[in-house]
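Trainee: Right, I'll just put the structure down here and ask away after.
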Amino acid sequence: MLPTADALSDLPEWSAFENAARNSPIQIDSLRLIQAAGISLDASGQGSSPELDAAAQALLDARNFNDMRTCLLEGGIANVTEERAAWHSALRTPAPIDEITAQRQRLNEFVRLADSERRWRNIVHIGIGGSDWGVRLAVSAFGYAGTWRQVHFVANIDGHAIQGGLAGLDPHDTLIVMASKSFTTAETLQNGQRALEWLQASGVENPYQQIVAITARADVAREWGVPDAHIFKLWDWVGGRFSLWSAVSLTTALAVSSDVVAGMQAGAAAMDAHFAETPLATNAPIQMAISGIVNRSILGYGSLNIAPYDFRLSNLVPYIQQLEMESLGKSVNLSGDPVGVPTGPAVWGMPGTDAQHTFFQWLHQGSDGAPVDFIICQHADHGWPEHHQILLANCLAQREALLKGKSHEQALKESLQSGIPQEKADWLARHRVHAGGRPSNLIVLPRLSPYTLGALLAMYEHKVFVQGVIWGINPFDQWGVEYGKVLAKGIGSELAGKTPVDPAHDASTTHWIETFKQD
């Protein structure tokens with residue numbers, strides 16, 4: 001029997017939830033704090049009420065949430081359209097199955113041997129999407145001050161990416177790490193081929209001994225030339241955007257140590273336990289999901305801003321962007337029918353305080369606005385406390401301004417007190433009004449450690465899962481992207497002159513294929 005989901009708007013529980021949400025304002029004089037795996041989630045900036053929690057619980061029950069959560073965490077068929085599990089949580093459990101344990105040991109031994117021999121002064125990590133963003137995030141978070149191994153990331157098919165990735169490196173002391181679940185990803189294979197040719201042209205005696213493959217298709221990697229000892233396993237139940245928890249973290253371990261990888265896995269496992277065991281009212285991922293549903297599907301906010309007030313988390317924004325938008329960018333439910341309400345918001349952002357000088361004006365006074373997830377560490381790891389105090393102050397101040405806003409009366413009083421004449425003060429005050437009431441979360445890490453980063457990422461993963469359950473969509477497939485890849489193959493063949501231009505193309509695409517073929 002094929003999986004199905006009732007249209008959300010047909011559920012009486014949805015009507016009750018919507019009504020409760022519209023009658024649950026942000027209560028700026030009440031503190032709503034949730035502790036989860038060492039992280040503090042301050043949800044005071046979101047609408048809340050006992051009635052909303054009760055309605056959310058009823059809605060989750062109507063969606064069989066408990067059974068679906070168990071299915072996810074125990075390796076059942078959670079990815080129903082592709083008929084496989086989404087069991088990334090198994091990769092970080094303290095007592096994994098034997099096969100996962102064996103791969104962990106192989107990876108750790110590879111790193112230990114490379115470290116003991118001081119090999120691979122340079123690493124070129126080739127992967128795209130989930131095979132790239134998580135590793136970039138971990139390496140930048142814990143290697144921001146420099147590492148003894150230099151890591152270059154190459155993702156894009158644009159030839160400038162691989163050219164820049166190889167530039168200036170000693171090919172005799174460079175390890176090429178290719179991460180591709182299928183080992184057929186066009187970007188990864190093309191860039192890997194250029195890296196192989198670079199090694200060969202430089203006179204490396206056995207270039208394949210300097211290439212590692214992380215893939216679910218060991219047979220394809222082996223046929224490509226990678227030796228068995230350098231092939232690490234991915235499982236088909238590990239989605240690309242969750243592959244950070246797998247052997248894709250080899251580059252992380254080589255760059256910033258195996259302890260970082262283990263710490264992130266431990267933090268994520270702690271969040272898994274919190275998500276599995278904690279009641280709705282104090283369950284951080286569920287509460288974030290409820291707020292996200294309200295903000296998108298009921299209040300109509302089209303985007304979500306991620307504002308990490310930590311320079312080291314510059315790559316957190318694209319990581320969460322992929323996680324949320326690839327998972328929730330769907331408009332039909334499990335039955336193949338329209339969901340009926342707006343789903344997955346556009347996710348964007350930048351670290352503070354840079355963001356304040358870039359787009360915070362829009363957040364404060366723009367006509368649309370967006371909910372904001374502020375993320376900050378209570379304690380810094382540098383030696384300049386004044387810097388961190390200013391950072392903390394800016395984070396709290398921007399959030400308070402979004403919450404409370406500024407009335408015309410307040411703006412007028414400030415103008416008059418500064419000596420501006422009455423008529424001009426009244427005019428200027430209208431430009432200084434902030435509506436306030438903009439939703440936000442404040443997520444506080446005690447400090448940035450592998451454990452807290454792992455917990456943070458798992459919190460967002462589970463939030464996305466809960467939203468998928470409520471909307472009735474599958475958050476683990478990405479058919480839209482797959483369709484674009486299929487079209488690209490055909491157009492690529494036409495650009496190369498191997499096949500005639502398909503008359504079914506639209507006029508613009510036909511024009512540019514013909515134009516580019518002439519180059």
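Residues are referred to by chain and number: the chain letter is A, B, ... according to the order shown in the structure tokens, the number counts from 1 in that chain, and ligands are numbered separately from 1 in the order shown.
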Give me, as a ChimeraX atom specification, all polymer residues having an atom no more than 7 Å from Gly405 (chain A), counting only C-alpha atoms and skipping those fewer than 3 positions away in the same chain.

Mentor: /A:401-402,434-437

Trainee: Report as a PyMOL selection string all protein, DNA and RNA residues lying within 12 Å of Lys330 (chain A), evaluated on only C-alpha atoms, omitting residues in the same chain fewer than 4 positions from it.

Mentor: chain A and resi 324-326+334+336-346+467-468+471-481

Trainee: To one decimal place in Å, what is the distance between CA of Ala90 (chain A) and CA of Thr188 (chain A)?

Mentor: 26.1 Å

Trainee: Could you check the closest approach to Ser258 (chain A) for each of A:Leu234, A:Val139, A:Val332, A:Ala186 and tell me which residue wins, using only C-alpha atoms?

Mentor: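 The answer is A:Val139, which sits nearest to Ser258 (chain A).
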
Trainee: Name the residues in contact with region 287-290 of chain A at a cut-off of 7 Å, using only C-alpha atoms, excluding same-chain residues fewer than 5 positions from it; report them as a list in words.

Mentor: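 Skipping anything fewer than 5 positions along the chain leaves Lys463, Val464, Val466 and Gln467 of chain A.
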
Trainee: Considering only C-alpha atoms, return as a list of chain:residue names whatever protein or nucleic-acid residues lie within 9 Å of Leu392 (chain A), sequence-local ones (same chain, fewer than 4 positions apart) excluded.

Mentor: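 My reading of the contact set: A:Tyr309, A:Ile376, A:Cys377, A:Gln378, A:His387, A:His388, A:Leu396, A:Ala397.
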
Trainee: May I ask which of the residues A:Ala55, A:Ile128, A:Val111, A:Ala138 is the closest one to Leu457 (chain A), counting only C-alpha atoms?

Mentor: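 When distances to Leu457 (chain A) are compared using only C-alpha atoms, the smallest one comes from A:Ala138.
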
Trainee: For Arg118 (chain A), find every residue with an atom within 10 Å (counting only C-alpha atoms), except residues of its own chain fewer than 5 positions away, and show them as an NGL selection string.

Mentor: :A and (112-113 or 148-149 or 173)

Trainee: Choose the residue, out of A:Ser249, A:Asn156, A:Thr70, A:Asn333, that has the smallest atom-to-atom separation from Val135 (chain A); count only C-alpha atoms.

Mentor: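 Residue with the minimum atom-to-atom distance to Val135 (chain A): A:Ser249.
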
Trainee: How many Å lie between CA of Ala37 (chain A) and CA of Val80 (chain A), rounded to one decimal?

Mentor: 29.5 Å

Trainee: Got a sec to tell me which of region 149-245 of chain A DSSP assigns to helix (DSSP H, G or I), as a VMD selection string?

Mentor: chain A and resid 159 to 166 171 to 173 186 to 201 207 to 210 218 to 224 228 to 230 240 to 245

Trainee: Pull N, CA and C atoms from the residues just selected and write them as a CSV table (one decimal), in the first residue's frame.

Mentor:
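The result, written out as again_33.csv:
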```csv
chain,number,residue,atom,x,y,z
A,159,GLY,N,35.4,25.3,-13.8
A,159,GLY,CA,36.8,24.9,-13.8
A,159,GLY,C,37.7,25.8,-13.0
A,160,HIS,N,37.3,27.0,-12.7
A,160,HIS,CA,38.1,27.9,-11.8
A,160,HIS,C,38.2,27.3,-10.4
A,161,ALA,N,37.2,26.5,-10.0
A,161,ALA,CA,37.2,26.0,-8.7
A,161,ALA,C,38.3,25.0,-8.5
A,162,ILE,N,38.4,24.0,-9.4
A,162,ILE,CA,39.5,23.0,-9.3
A,162,ILE,C,40.9,23.7,-9.6
A,163,GLN,N,40.9,24.7,-10.5
A,163,GLN,CA,42.2,25.4,-10.7
A,163,GLN,C,42.7,26.0,-9.5
A,164,GLY,N,41.8,26.7,-8.8
A,164,GLY,CA,42.2,27.4,-7.6
A,164,GLY,C,42.4,26.4,-6.4
A,165,GLY,N,41.7,25.3,-6.4
A,165,GLY,CA,41.9,24.3,-5.4
A,165,GLY,C,43.2,23.6,-5.4
A,166,LEU,N,43.8,23.5,-6.6
A,166,LEU,CA,45.1,22.8,-6.8
A,166,LEU,C,46.3,23.8,-6.8
A,171,PRO,N,52.1,18.5,-5.2
A,171,PRO,CA,51.3,17.3,-5.5
A,171,PRO,C,51.8,16.1,-4.9
A,172,HIS,N,53.1,16.1,-4.5
A,172,HIS,CA,53.7,14.9,-3.8
A,172,HIS,C,53.3,14.8,-2.4
A,173,ASP,N,52.7,15.8,-1.8
A,173,ASP,CA,52.3,15.8,-0.4
A,173,ASP,C,50.8,16.2,-0.3
A,186,ALA,N,28.4,14.4,-11.2
A,186,ALA,CA,29.2,15.0,-12.3
A,186,ALA,C,30.3,15.9,-11.8
A,187,GLU,N,30.0,16.8,-10.9
A,187,GLU,CA,30.9,17.8,-10.4
A,187,GLU,C,32.1,17.1,-9.7
A,188,THR,N,31.8,16.1,-8.9
A,188,THR,CA,32.9,15.4,-8.2
A,188,THR,C,33.8,14.6,-9.1
A,189,LEU,N,33.2,13.9,-10.1
A,189,LEU,CA,34.0,13.0,-11.0
A,189,LEU,C,34.8,13.9,-11.9
A,190,GLN,N,34.3,15.0,-12.4
A,190,GLN,CA,35.1,15.8,-13.3
A,190,GLN,C,36.2,16.5,-12.5
A,191,ASN,N,35.9,17.0,-11.4
A,191,ASN,CA,37.0,17.6,-10.6
A,191,ASN,C,38.0,16.6,-10.1
A,192,GLY,N,37.5,15.4,-9.8
A,192,GLY,CA,38.5,14.3,-9.4
A,192,GLY,C,39.4,13.9,-10.5
A,193,GLN,N,38.8,13.9,-11.8
A,193,GLN,CA,39.6,13.5,-12.9
A,193,GLN,C,40.7,14.6,-13.1
A,194,ARG,N,40.4,15.9,-13.0
A,194,ARG,CA,41.4,16.9,-13.1
A,194,ARG,C,42.5,16.8,-12.1
A,195,ALA,N,42.1,16.4,-10.8
A,195,ALA,CA,43.1,16.3,-9.8
A,195,ALA,C,44.0,15.1,-10.1
A,196,LEU,N,43.4,14.0,-10.6
A,196,LEU,CA,44.2,12.8,-11.0
A,196,LEU,C,45.2,13.2,-12.0
A,197,GLU,N,44.8,13.9,-13.1
A,197,GLU,CA,45.7,14.3,-14.2
A,197,GLU,C,46.8,15.3,-13.6
A,198,TRP,N,46.4,16.1,-12.6
A,198,TRP,CA,47.4,17.0,-12.0
A,198,TRP,C,48.5,16.1,-11.3
A,199,LEU,N,48.1,15.1,-10.6
A,199,LEU,CA,49.1,14.2,-9.9
A,199,LEU,C,49.9,13.5,-11.0
A,200,GLN,N,49.3,13.0,-12.0
A,200,GLN,CA,50.1,12.3,-13.0
A,200,GLN,C,51.1,13.2,-13.7
A,201,ALA,N,50.6,14.4,-14.1
A,201,ALA,CA,51.5,15.3,-14.8
A,201,ALA,C,52.7,15.8,-13.9
A,207,PRO,N,49.6,7.8,-8.4
A,207,PRO,CA,48.7,8.8,-8.0
A,207,PRO,C,47.4,8.3,-7.2
A,208,TYR,N,47.0,7.0,-7.6
A,208,TYR,CA,45.8,6.5,-6.9
A,208,TYR,C,46.0,6.3,-5.4
A,209,GLN,N,47.3,6.2,-5.0
A,209,GLN,CA,47.6,6.0,-3.6
A,209,GLN,C,47.4,7.3,-2.8
A,210,GLN,N,47.1,8.4,-3.6
A,210,GLN,CA,46.9,9.7,-3.0
A,210,GLN,C,45.4,10.1,-3.2
A,218,ALA,N,31.3,1.2,-3.7
A,218,ALA,CA,32.7,0.8,-3.7
A,218,ALA,C,33.1,0.2,-5.1
A,219,ASP,N,32.2,-0.4,-5.7
A,219,ASP,CA,32.5,-1.1,-7.0
A,219,ASP,C,32.9,0.0,-8.1
A,220,VAL,N,32.1,1.1,-8.1
A,220,VAL,CA,32.4,2.1,-9.1
A,220,VAL,C,33.7,2.8,-8.8
A,221,ALA,N,33.9,3.1,-7.5
A,221,ALA,CA,35.2,3.8,-7.1
A,221,ALA,C,36.4,2.9,-7.4
A,222,ARG,N,36.2,1.6,-7.2
A,222,ARG,CA,37.3,0.6,-7.5
A,222,ARG,C,37.6,0.6,-9.0
A,223,GLU,N,36.5,0.6,-9.8
A,223,GLU,CA,36.7,0.6,-11.2
A,223,GLU,C,37.4,1.9,-11.7
A,224,TRP,N,37.1,3.0,-11.0
A,224,TRP,CA,37.7,4.3,-11.3
A,224,TRP,C,39.2,4.3,-11.0
A,228,ASP,N,41.2,-0.4,-2.6
A,228,ASP,CA,40.3,-0.8,-1.6
A,228,ASP,C,40.6,-0.2,-0.2
A,229,ALA,N,41.9,-0.1,0.1
A,229,ALA,CA,42.3,0.5,1.4
A,229,ALA,C,41.9,1.9,1.5
A,230,HIS,N,41.6,2.6,0.4
A,230,HIS,CA,41.3,4.0,0.4
A,230,HIS,C,39.8,4.3,0.1
A,240,GLY,N,22.5,12.7,1.6
A,240,GLY,CA,23.7,13.6,1.4
A,240,GLY,C,23.8,14.7,2.4
A,241,ARG,N,22.7,15.3,2.7
A,241,ARG,CA,22.8,16.5,3.7
A,241,ARG,C,22.9,16.0,5.1
A,242,PHE,N,23.0,14.7,5.3
A,242,PHE,CA,23.3,14.2,6.7
A,242,PHE,C,24.6,13.5,6.7
A,243,SER,N,25.4,13.5,5.6
A,243,SER,CA,26.6,12.7,5.5
A,243,SER,C,27.8,13.2,6.3
A,244,LEU,N,27.7,14.4,7.0
A,244,LEU,CA,28.7,14.9,7.9
A,244,LEU,C,29.0,13.8,9.0
A,245,TRP,N,28.0,13.0,9.3
A,245,TRP,CA,28.2,12.1,10.4
A,245,TRP,C,28.9,10.8,10.0
```

Trainee: Looking at A:Pro25, A:Gly76, A:Gly203, A:Gly225, which one is nearest to Glu51 (chain A), with distances taken over only C-alpha atoms?

Mentor: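 Result for the nearest residue to Glu51 (chain A): A:Pro25.
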
Trainee: Counting only C-alpha atoms, which of A:Leu254, A:Ile491, A:Asn23, A:Asn394 gets nearest to Glu109 (chain A)?

Mentor: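 Checking each of A:Leu254, A:Ile491, A:Asn23, A:Asn394 against Glu109 (chain A), counting only C-alpha atoms, the winner is A:Leu254.
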
Trainee: Kindly give the distance, in Å, that separates CA of Leu107 (chain A) and CA of Gly146 (chain A), rounded to a single decimal.

Mentor: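 Going from CA of Leu107 (chain A) over to CA of Gly146 (chain A), I get 22.6 Å.
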
Trainee: Could you give me, as a ChimeraX atom specification, the residues within 7 Å of Leu137 (chain A), counting only C-alpha atoms and dropping anything in the same chain fewer than 2 positions from it?

Mentor: /A:133-135,139-141,313,315-316

Trainee: Include C-alpha atoms and write out the residues we just selected as a PDB file, in the first residue's frame.

Mentor:
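out-v6.pdb, written as the output of this step:
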```pdb
ATOM      1  CA  TRP A 133      29.042  21.945   3.526  1.00  0.00           C
ATOM      2  CA  GLY A 134      29.276  19.936   6.730  1.00  0.00           C
ATOM      3  CA  VAL A 135      33.007  19.399   6.382  1.00  0.00           C
ATOM      4  CA  VAL A 139      36.925  22.701   9.598  1.00  0.00           C
ATOM      5  CA  SER A 140      36.216  26.441   9.704  1.00  0.00           C
ATOM      6  CA  ALA A 141      34.691  26.204  13.197  1.00  0.00           C
ATOM      7  CA  LEU A 313      30.192  29.698  12.241  1.00  0.00           C
ATOM      8  CA  ASN A 315      29.490  28.193   7.114  1.00  0.00           C
ATOM      9  CA  LEU A 316      26.546  27.389   9.376  1.00  0.00           C
TER      10      LEU A 316
END
```

Trainee: Show me, as a VMD selection string, the residues that have an atom within 12 Å of Asp236 (chain A) when counting only C-alpha atoms, minus same-chain residues fewer than 2 positions from it.

Mentor: chain A and resid 75 77 79 82 to 88 180 to 182 215 to 218 233 to 234 238 to 240 242 to 243 246

Trainee: If DSSP is run on the backbone, what residues of region 257-501 of chain A are strand (DSSP E or B)? A reply as a ChimeraX atom specification would be ideal.

Mentor: /A:303-309,332,338,346-349,372-377,406,434,440-445

Trainee: In terms of the shortest atom-to-atom distance over only C-alpha atoms, which of A:Trp348, A:Gln103, A:Ser202, A:Gly292 is closest to Val248 (chain A)?

Mentor: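 Ranking A:Trp348, A:Gln103, A:Ser202, A:Gly292 by distance to Val248 (chain A), first place goes to A:Gln103.
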
Trainee: Could you produce a table of the residues of region 289-331 of chain A lying within 12 Å of region 1-22 of chain A, with the nearest pair of atoms per residue and their separation in Å rounded to one decimal, using only C-alpha atoms, ordered by chain and increasing residue number, as a Markdown table?

Mentor:
```
| residue | atom | partner | partner_atom | distance |
| --- | --- | --- | --- | --- |
| A:Ile290 | CA | A:Ala21 | CA | 9.6 |
| A:Ser291 | CA | A:Ala21 | CA | 9.1 |
| A:Gly292 | CA | A:Ala21 | CA | 11.4 |
| A:Ile293 | CA | A:Ala21 | CA | 9.7 |
| A:Val294 | CA | A:Ala21 | CA | 6.5 |
| A:Asn295 | CA | A:Ala21 | CA | 9.3 |
| A:Arg296 | CA | A:Glu18 | CA | 11.6 |
| A:Ser297 | CA | A:Glu18 | CA | 8.9 |
| A:Ile298 | CA | A:Glu18 | CA | 6.6 |
| A:Leu299 | CA | A:Arg22 | CA | 8.1 |
| A:Gly300 | CA | A:Arg22 | CA | 11.7 |
| A:Ser331 | CA | A:Ala7 | CA | 11.3 |
```

Trainee: Deliver the residues from the most recent selection as a file, using C-alpha atoms, as a compact mmCIF listing (two decimals), in the first residue's frame.

Mentor:
```
# COMPACT_ATOMS: atom_id res chain seq x y z
CA ILE A 290 5.95 24.43 15.90
CA SER A 291 7.18 28.02 15.72
CA GLY A 292 8.42 27.43 12.19
CA ILE A 293 5.04 26.07 11.09
CA VAL A 294 3.22 29.02 12.67
CA ASN A 295 5.58 31.58 11.13
CA ARG A 296 5.45 30.09 7.63
CA SER A 297 2.01 28.55 7.19
CA ILE A 298 -0.12 30.82 9.40
CA LEU A 299 1.65 34.17 9.76
CA GLY A 300 2.92 34.02 6.17
CA SER A 331 4.54 21.42 -2.33
```
